[in-house]
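Notes to accompany the following structure.
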Amino acid sequence: MSIKQNFKRKLIASAIASTAIAGFGNVSYAQDEEAMLEEVIVTGIRASLQRSMDLKRDASGVVDAISAEDIGKFPDTNLAESLQRISGVSIDRRDGEGSKVTVRGLGPDFNLVMLNGRQMPGATLESTVASGSRSFDFANIASEGVAAVEVYKTSRADAPPGGMGATINIVTPKPLEAGSKASIGVKGVYDQSSQDSSITPEISGIYSETFADGKIGVAVTASYQERNGGSAAAQIGTGWRSFPGTVVQDWGGQETVDWEWGGIDFNGNHQNQPSADDVYSTPQQMGYAFTEFERERTNGQLTLQFAPTDDLTATLDYTYSENTIASTYNDVGGWFNFGGQSTIFTDYDSPAVQTPVLYSEDMTDGDLPMGVGRQAAKYENNSIGVNLEWNVTDKLTLSLDAHSSEAEATPDNEYGNSVGIAVSAYVRDRSTVNVRGEMPVLILDILDGAGGDNLRVQDMQVSGSYFRNSRMKQEIDQIQLDGEYAFTDNLKLQFGVASTESDYRSSFSNVQRESWGGLGEPGMLNEDWFTPETILDRFDGTYSEVSQEEINFLGGTNTSPLNERYSFSFEDVRNFAANNLDDGEGPTNCPDGSTWYCAQAPDQFNDISESSESAYVSVAWNTDIASMPFNLLAGVRYESSEVETPASAQAYGPISWVSANEFSMPTVGEPVAITDSGEYDFVLPSIDTSLEVMEDVILRASYGQSIARPNWLDLRGGTSYSQGPRVNGTTASRGSPGLEPYKADNFDFSAEWYFADASYVSVGYFQKEVENFIGSRVVTEENSLENTPHPAQGERFQAAVDSGLSPNAVVDIREYIYANYADPDTAYIDGSGNIVIVGIPGQDPNVSVEVTEVANSDRIVDVDGIEMAIQHTFGESGFGVIANYTMVDVSTNFDNMVLRDPQFSLPGVSDTANLVGFYEKNGFQARVAYNWRDAFLASGASGTGNNPIYVDEYSQVDVNVSYDVTDNLSVFVEGLNITEESGRNYGRSYDQVLGYYQGYARYNLGARYTF
């Protein structure tokens, strides 16, 4: 892995040399916004690049931007995909589209997004927990109604805090600046990822007009988009469990291997057994998931302007966006119980992370689950604002701006935002995961009666299900007064005060039936509900063949990967279970009278209020030093914030052991309200300087302090417990409203040479020293959660072990307890024939809880890097090139050899590169864009333990071609990811694949008419 990646990185670096996408700069001051927009709205690629270059050259600090070539025509179909072409900016993708951005190695929650200079709220949904992200999802905003997107990479006193990586400002058209313009565009979208081959529509339009001799202006933008898509994934879905290498212990003259549950006892067939100095991992689960989704996105904005005099302008604007996404998935796979294991490991020089490239278990009568589920969410954004700009005198200008904005994410169907139900055939025998290759594959031996090409619906039973109901809403009310006083043409004082109120609310509930042992009897399901499907033909990833000799060594017989599954309807199986298998003991009442098979009202709530008061002052000074033009912008911002977080505390009851590896911890009574609070303040200085050392050559130096506020859930009060304990206990999370935000000292140094029309080259160095790093620590609490006796941690469990059973033989232990302690209240058979063991107060100890706490650290994390850029147009030939390369490094890295100790790690840090070639002449325009992002750490604590997720390097090629049929009509075709690149994630080593995600191309064909 490392050899391949390092080689590719050096190859790209050598090929691009000093590169970066055009640093589409912007003007420095808010009062120059009008002039900026007049220059941004231009015609044609070359003219746009020339204006953007001029803006970059004249700006204070490091400011880049991407602007529309013509009104209503943005260079990419997605704002995030446009931003990734700016040096130092990389993106996260969802459903094949850019959604969130990382700037200079700092992820989405470290970047502040504004709309026309106003701080915007964000709302997202997670599948299994409430969301606390502050980040803004660019997929909710259509690009057609955007005039420019500005990226401020250096700190500024007049910008609201929160953008430690960057402050990103979305600029929309203003009618008094755009004048009389109108255009309409239509587009058909063909997405190869969808099994539905139909073409979906997109339509957008903009109308801008002025009246009363330019004193009144009206602008309306609107867009409607539909898109169908899909995905195919091969996954180790819940990650890899990691353990120290094998340690041989001497117990009374008998050697035995010291091991933990979930690891390997190494009593079976194993090749290349890890040593005591190694780290190794085992897969918890392996499966395939296939998804189809439908998305509808509606955007609109109305802007009214009134300028009764040359000195006064009033602007009223309203922005609305709605994005609904509904998806259905079908999956197939299997969990492992960590018994009867056989393996073939990697054999790297010790110490190293060793991976079982072939991992096999004896799963006699094991389940082969096939699931179906739905995810349905609706994202709404509303923002209404008013702005007054008044030139009081020739020297004094004032601006008053106020807005009220909200973002809300809610479920979009009756069942909840994320729901699923499974059917299982208990026919799985020897089961093997093969991770020798790009993608993992699952190899099964099927018990007699069903096997090979004969997986049968008649062997299936309904099993587990979940119905999750998550909501999130964030509101921001903000008022700001800005001013500028010009002492002279070369010396100006800027100042301002602001008040901001942010309210965050989220809620969550989960109705989960842990009946993975099956409900009802085989043969109860209607075969007409099920459609046979294949698996491997949905992927183009490579995997290594397994020889008959290897599979025999592992204890199996079949060498071919699983290649059959069934897809089925969620409603059919859900309705059958609700009407025939419901025992009436569930926690909710569904409209049809069932109690397990719909979402209940939320029972976990988070409500946080954050109020901030701020003031700033800065000085802009222009002069000459030894005949060299020199610019200085220096300022300081004071920020004071208070946090209040009412929450709830929940009591729980005795734990039930409901199946081999599944436990349930029920809630008892109503939640109890609690309240907590915190506060902090900061003084944030900043200074930007530039010196034109010779004509067209500019040196820049900047310093500033910035902050990024914590994730909302890090601020919540109380403790949240997982209701799905394991054999060794449960987990919990605890926030702290007294957390201080991240704070960074930012240094920038750059040189720029503007050597020809629309042509420049630049190189820059940046460094960020991050304090108040927010990390986590795990604290084990014994007996802290009252009335939660754990049946796998008490006398009955120990008696089973003393009888000679292995502590990992969980199925046998449950049967032993039932046979020997058959009290109907504490050991019984439920209505579906499953053994259930309930904890006994006073006899079984209360559950052990591993609490993950968040806290500020005194550790300083350094992020530094180099950005290189070149933009060049080749005379009058029509050809041009834009390119970039950014190298980023961080002082703290995740150590794959460390297992238990909490680690500080900064996700999202990676090198990036872009190369764009374009041609524009005689009404014909063409672009080819290549984007590359190196491998990076996405998470340092995920899945079944403190395990990392790395995202493999990724590259994509996009193409855009248009032709002006007339002065008013143009036609175009766009291709995204035309080489169909796939994605891949992995764990502690490159061999530990977590997921392989099939890549697809998307094509758009359309026309735009300008009136």
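Chain labels follow the order of the structure tokens: the first chain is A, the next B, and so on; residue numbering restarts at 1 in every chain, and ligands are counted from 1 in their shown order.
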Fewer than 3 positions away in the same chain doesn't count, so skip those; otherwise give me all residues within 8 Å of Glu662 of chain A, counting only C-alpha atoms, as a PDB file with C-alpha atoms, in the first residue's frame.
```pdb
ATOM      1  CA  GLU A 514     -32.980  -8.387  18.748  1.00  0.00           C
ATOM      2  CA  TRP A 657     -29.448 -12.040  27.116  1.00  0.00           C
ATOM      3  CA  VAL A 658     -31.633 -12.613  24.044  1.00  0.00           C
ATOM      4  CA  SER A 659     -29.363 -14.457  21.577  1.00  0.00           C
ATOM      5  CA  GLY A 724     -27.250  -2.877  23.154  1.00  0.00           C
ATOM      6  CA  PRO A 725     -24.693  -4.221  25.667  1.00  0.00           C
ATOM      7  CA  ARG A 726     -22.233  -6.977  24.862  1.00  0.00           C
TER       8      ARG A 726
END
```
**Item:** Residues flagged strand (DSSP E or B) by DSSP in segment 140-172 of chain A, as a list in words
**Value:** Ala142, Ala148, Val149, Glu150, Val151, Tyr152, Thr167, Ile168, Asn169, Ile170 and Val171 of chain A
Those residues you just picked out, can you put them in a file as a PDB file, in the first residue's frame with C-alpha atoms?
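Result file follows (selection.pdb):
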```
ATOM      1  CA  ALA A 142     -28.131  24.073  -6.338  1.00  0.00           C
ATOM      2  CA  ALA A 148     -19.621  33.040  -6.696  1.00  0.00           C
ATOM      3  CA  VAL A 149     -18.193  31.041  -3.829  1.00  0.00           C
ATOM      4  CA  GLU A 150     -15.383  32.720  -1.884  1.00  0.00           C
ATOM      5  CA  VAL A 151     -12.853  30.934   0.305  1.00  0.00           C
ATOM      6  CA  TYR A 152     -11.068  33.012   2.971  1.00  0.00           C
ATOM      7  CA  THR A 167     -14.517  30.721   5.911  1.00  0.00           C
ATOM      8  CA  ILE A 168     -16.603  29.941   2.820  1.00  0.00           C
ATOM      9  CA  ASN A 169     -19.031  32.572   1.556  1.00  0.00           C
ATOM     10  CA  ILE A 170     -21.757  31.751  -0.980  1.00  0.00           C
ATOM     11  CA  VAL A 171     -22.665  34.856  -3.013  1.00  0.00           C
TER      12      VAL A 171
END
```
**Request:** Write out as a VMD selection string the residues lying within 9 Å of Pro308 of chain A, counting only C-alpha atoms and excluding same-chain residues fewer than 6 positions away.
**Result:** chain A and resid 215 to 216 314
Just to be explicit: take each residue in the selection above, keep N, CA and C atoms, and write the result as a compact mmCIF listing (two decimals), in the first residue's frame.
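Okay, result36.txt is ready:
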```
# COMPACT_ATOMS: atom_id res chain seq x y z
N LYS A 215 -33.47 52.40 -9.37
CA LYS A 215 -33.62 52.54 -7.92
C LYS A 215 -34.25 51.31 -7.28
N ILE A 216 -34.98 50.51 -8.03
CA ILE A 216 -35.64 49.31 -7.52
C ILE A 216 -35.17 48.12 -8.34
N ALA A 314 -31.11 49.45 0.34
CA ALA A 314 -31.76 48.47 1.21
C ALA A 314 -31.97 47.17 0.43
```
**Request:** Please provide as a PyMOL selection string all residues within 9 Å of Gly523 of chain A, with the sequence filter that same-chain residues fewer than 5 positions apart are discarded (counting only C-alpha atoms).
**Result:** chain A and resi 457-461
**Asked** Between A:Val643, A:Leu906, A:Met887, A:Ile476, which is the closest to Tyr680 of chain A once you count only C-alpha atoms?
**Response** A:Val643
**Asked** Near Tyr652 of chain A, counting only C-alpha atoms, which residues have an atom at most 7 Å away, once you skip same-chain residues fewer than 5 positions from it, shown as number ranges by chain?
**Response** A: 665-668, 787-788
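The two atoms in question, atom CA of Pro789 of chain A and atom CA of Tyr721 of chain A, are spaced 14.8 Å apart.
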**Message:** From the options A:Ala615, A:Ala80, A:Val62, A:Met868, which residue's atoms come nearest to Arg700 of chain A, counting only C-alpha atoms?
**Reply:** A:Val62
**Asked** When distances are computed from only C-alpha atoms, which of A:Glu815, A:Asp757, A:Glu260, A:Asp540 shows the smallest separation from Ala827 of chain A?
**Response** A:Glu815
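With only C-alpha atoms as the atoms that count, the minimum distance from Val189 of chain A to the choices A:Asn820, A:Gln225, A:Asn387, A:Gln273 is reached by A:Gln225.
Among A:Asp714, A:Glu202, A:Glu126, A:Asp688, the residue with the shortest atom-to-atom distance to Thr645 of chain A, counting only C-alpha atoms, is A:Asp714.
Reported to one decimal place, the separation of atom CA of Val928 of chain A from atom CA of Val916 of chain A is 5.7 Å.
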**Request:** May I have all residues of segment 609-827 of chain A that DSSP, computed from the backbone, assigns to alpha helix (DSSP H), given as number ranges by chain?
**Result:** A: 795-802, 810-820
**Item:** Residues near Val433 of chain A, cut-off 6 Å, only C-alpha atoms, skip fewer than 5 positions along chain, as a PyMOL selection string
**Value:** chain A and resi 358-359+441-442
How would the residues just picked look written out with N, CA and C atoms as an mmCIF file, in the first residue's frame?
```
data_model
loop_
_atom_site.group_PDB
_atom_site.id
_atom_site.type_symbol
_atom_site.label_atom_id
_atom_site.label_comp_id
_atom_site.auth_asym_id
_atom_site.auth_seq_id
_atom_site.Cartn_x
_atom_site.Cartn_y
_atom_site.Cartn_z
ATOM 1 N N LEU A 358 -7.328 -14.784 4.900
ATOM 2 C CA LEU A 358 -8.409 -15.757 4.833
ATOM 3 C C LEU A 358 -8.821 -16.062 6.266
ATOM 4 N N TYR A 359 -10.023 -15.657 6.634
ATOM 5 C CA TYR A 359 -10.537 -15.873 7.990
ATOM 6 C C TYR A 359 -11.761 -16.767 7.885
ATOM 7 N N VAL A 441 -14.569 -10.708 -0.260
ATOM 8 C CA VAL A 441 -15.602 -11.619 -0.744
ATOM 9 C C VAL A 441 -15.886 -12.657 0.333
ATOM 10 N N LEU A 442 -17.103 -13.175 0.327
ATOM 11 C CA LEU A 442 -17.566 -14.133 1.315
ATOM 12 C C LEU A 442 -17.746 -15.491 0.652
#
```
Surrounding residues of Ala647 of chain A excluding itself and chain neighbours under 5 positions, 6 Å, only C-alpha atoms, as a PDB file with N, CA and C atoms, in the first residue's frame:
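So around-v3.pdb came out as:
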```pdb
ATOM      1  N   ASN A 606     -31.715  16.324  22.834  1.00  0.00           N
ATOM      2  CA  ASN A 606     -30.607  17.242  23.064  1.00  0.00           C
ATOM      3  C   ASN A 606     -31.074  18.634  22.684  1.00  0.00           C
ATOM      4  N   ALA A 673     -35.255  15.568  33.767  1.00  0.00           N
ATOM      5  CA  ALA A 673     -34.609  16.744  33.176  1.00  0.00           C
ATOM      6  C   ALA A 673     -33.422  17.194  34.020  1.00  0.00           C
ATOM      7  N   ILE A 674     -32.343  17.574  33.344  1.00  0.00           N
ATOM      8  CA  ILE A 674     -31.173  18.167  33.988  1.00  0.00           C
ATOM      9  C   ILE A 674     -30.735  19.363  33.148  1.00  0.00           C
ATOM     10  N   GLY A 717     -25.265  17.930  28.091  1.00  0.00           N
ATOM     11  CA  GLY A 717     -25.152  17.476  29.462  1.00  0.00           C
ATOM     12  C   GLY A 717     -25.638  16.045  29.607  1.00  0.00           C
TER      13      GLY A 717
END
```
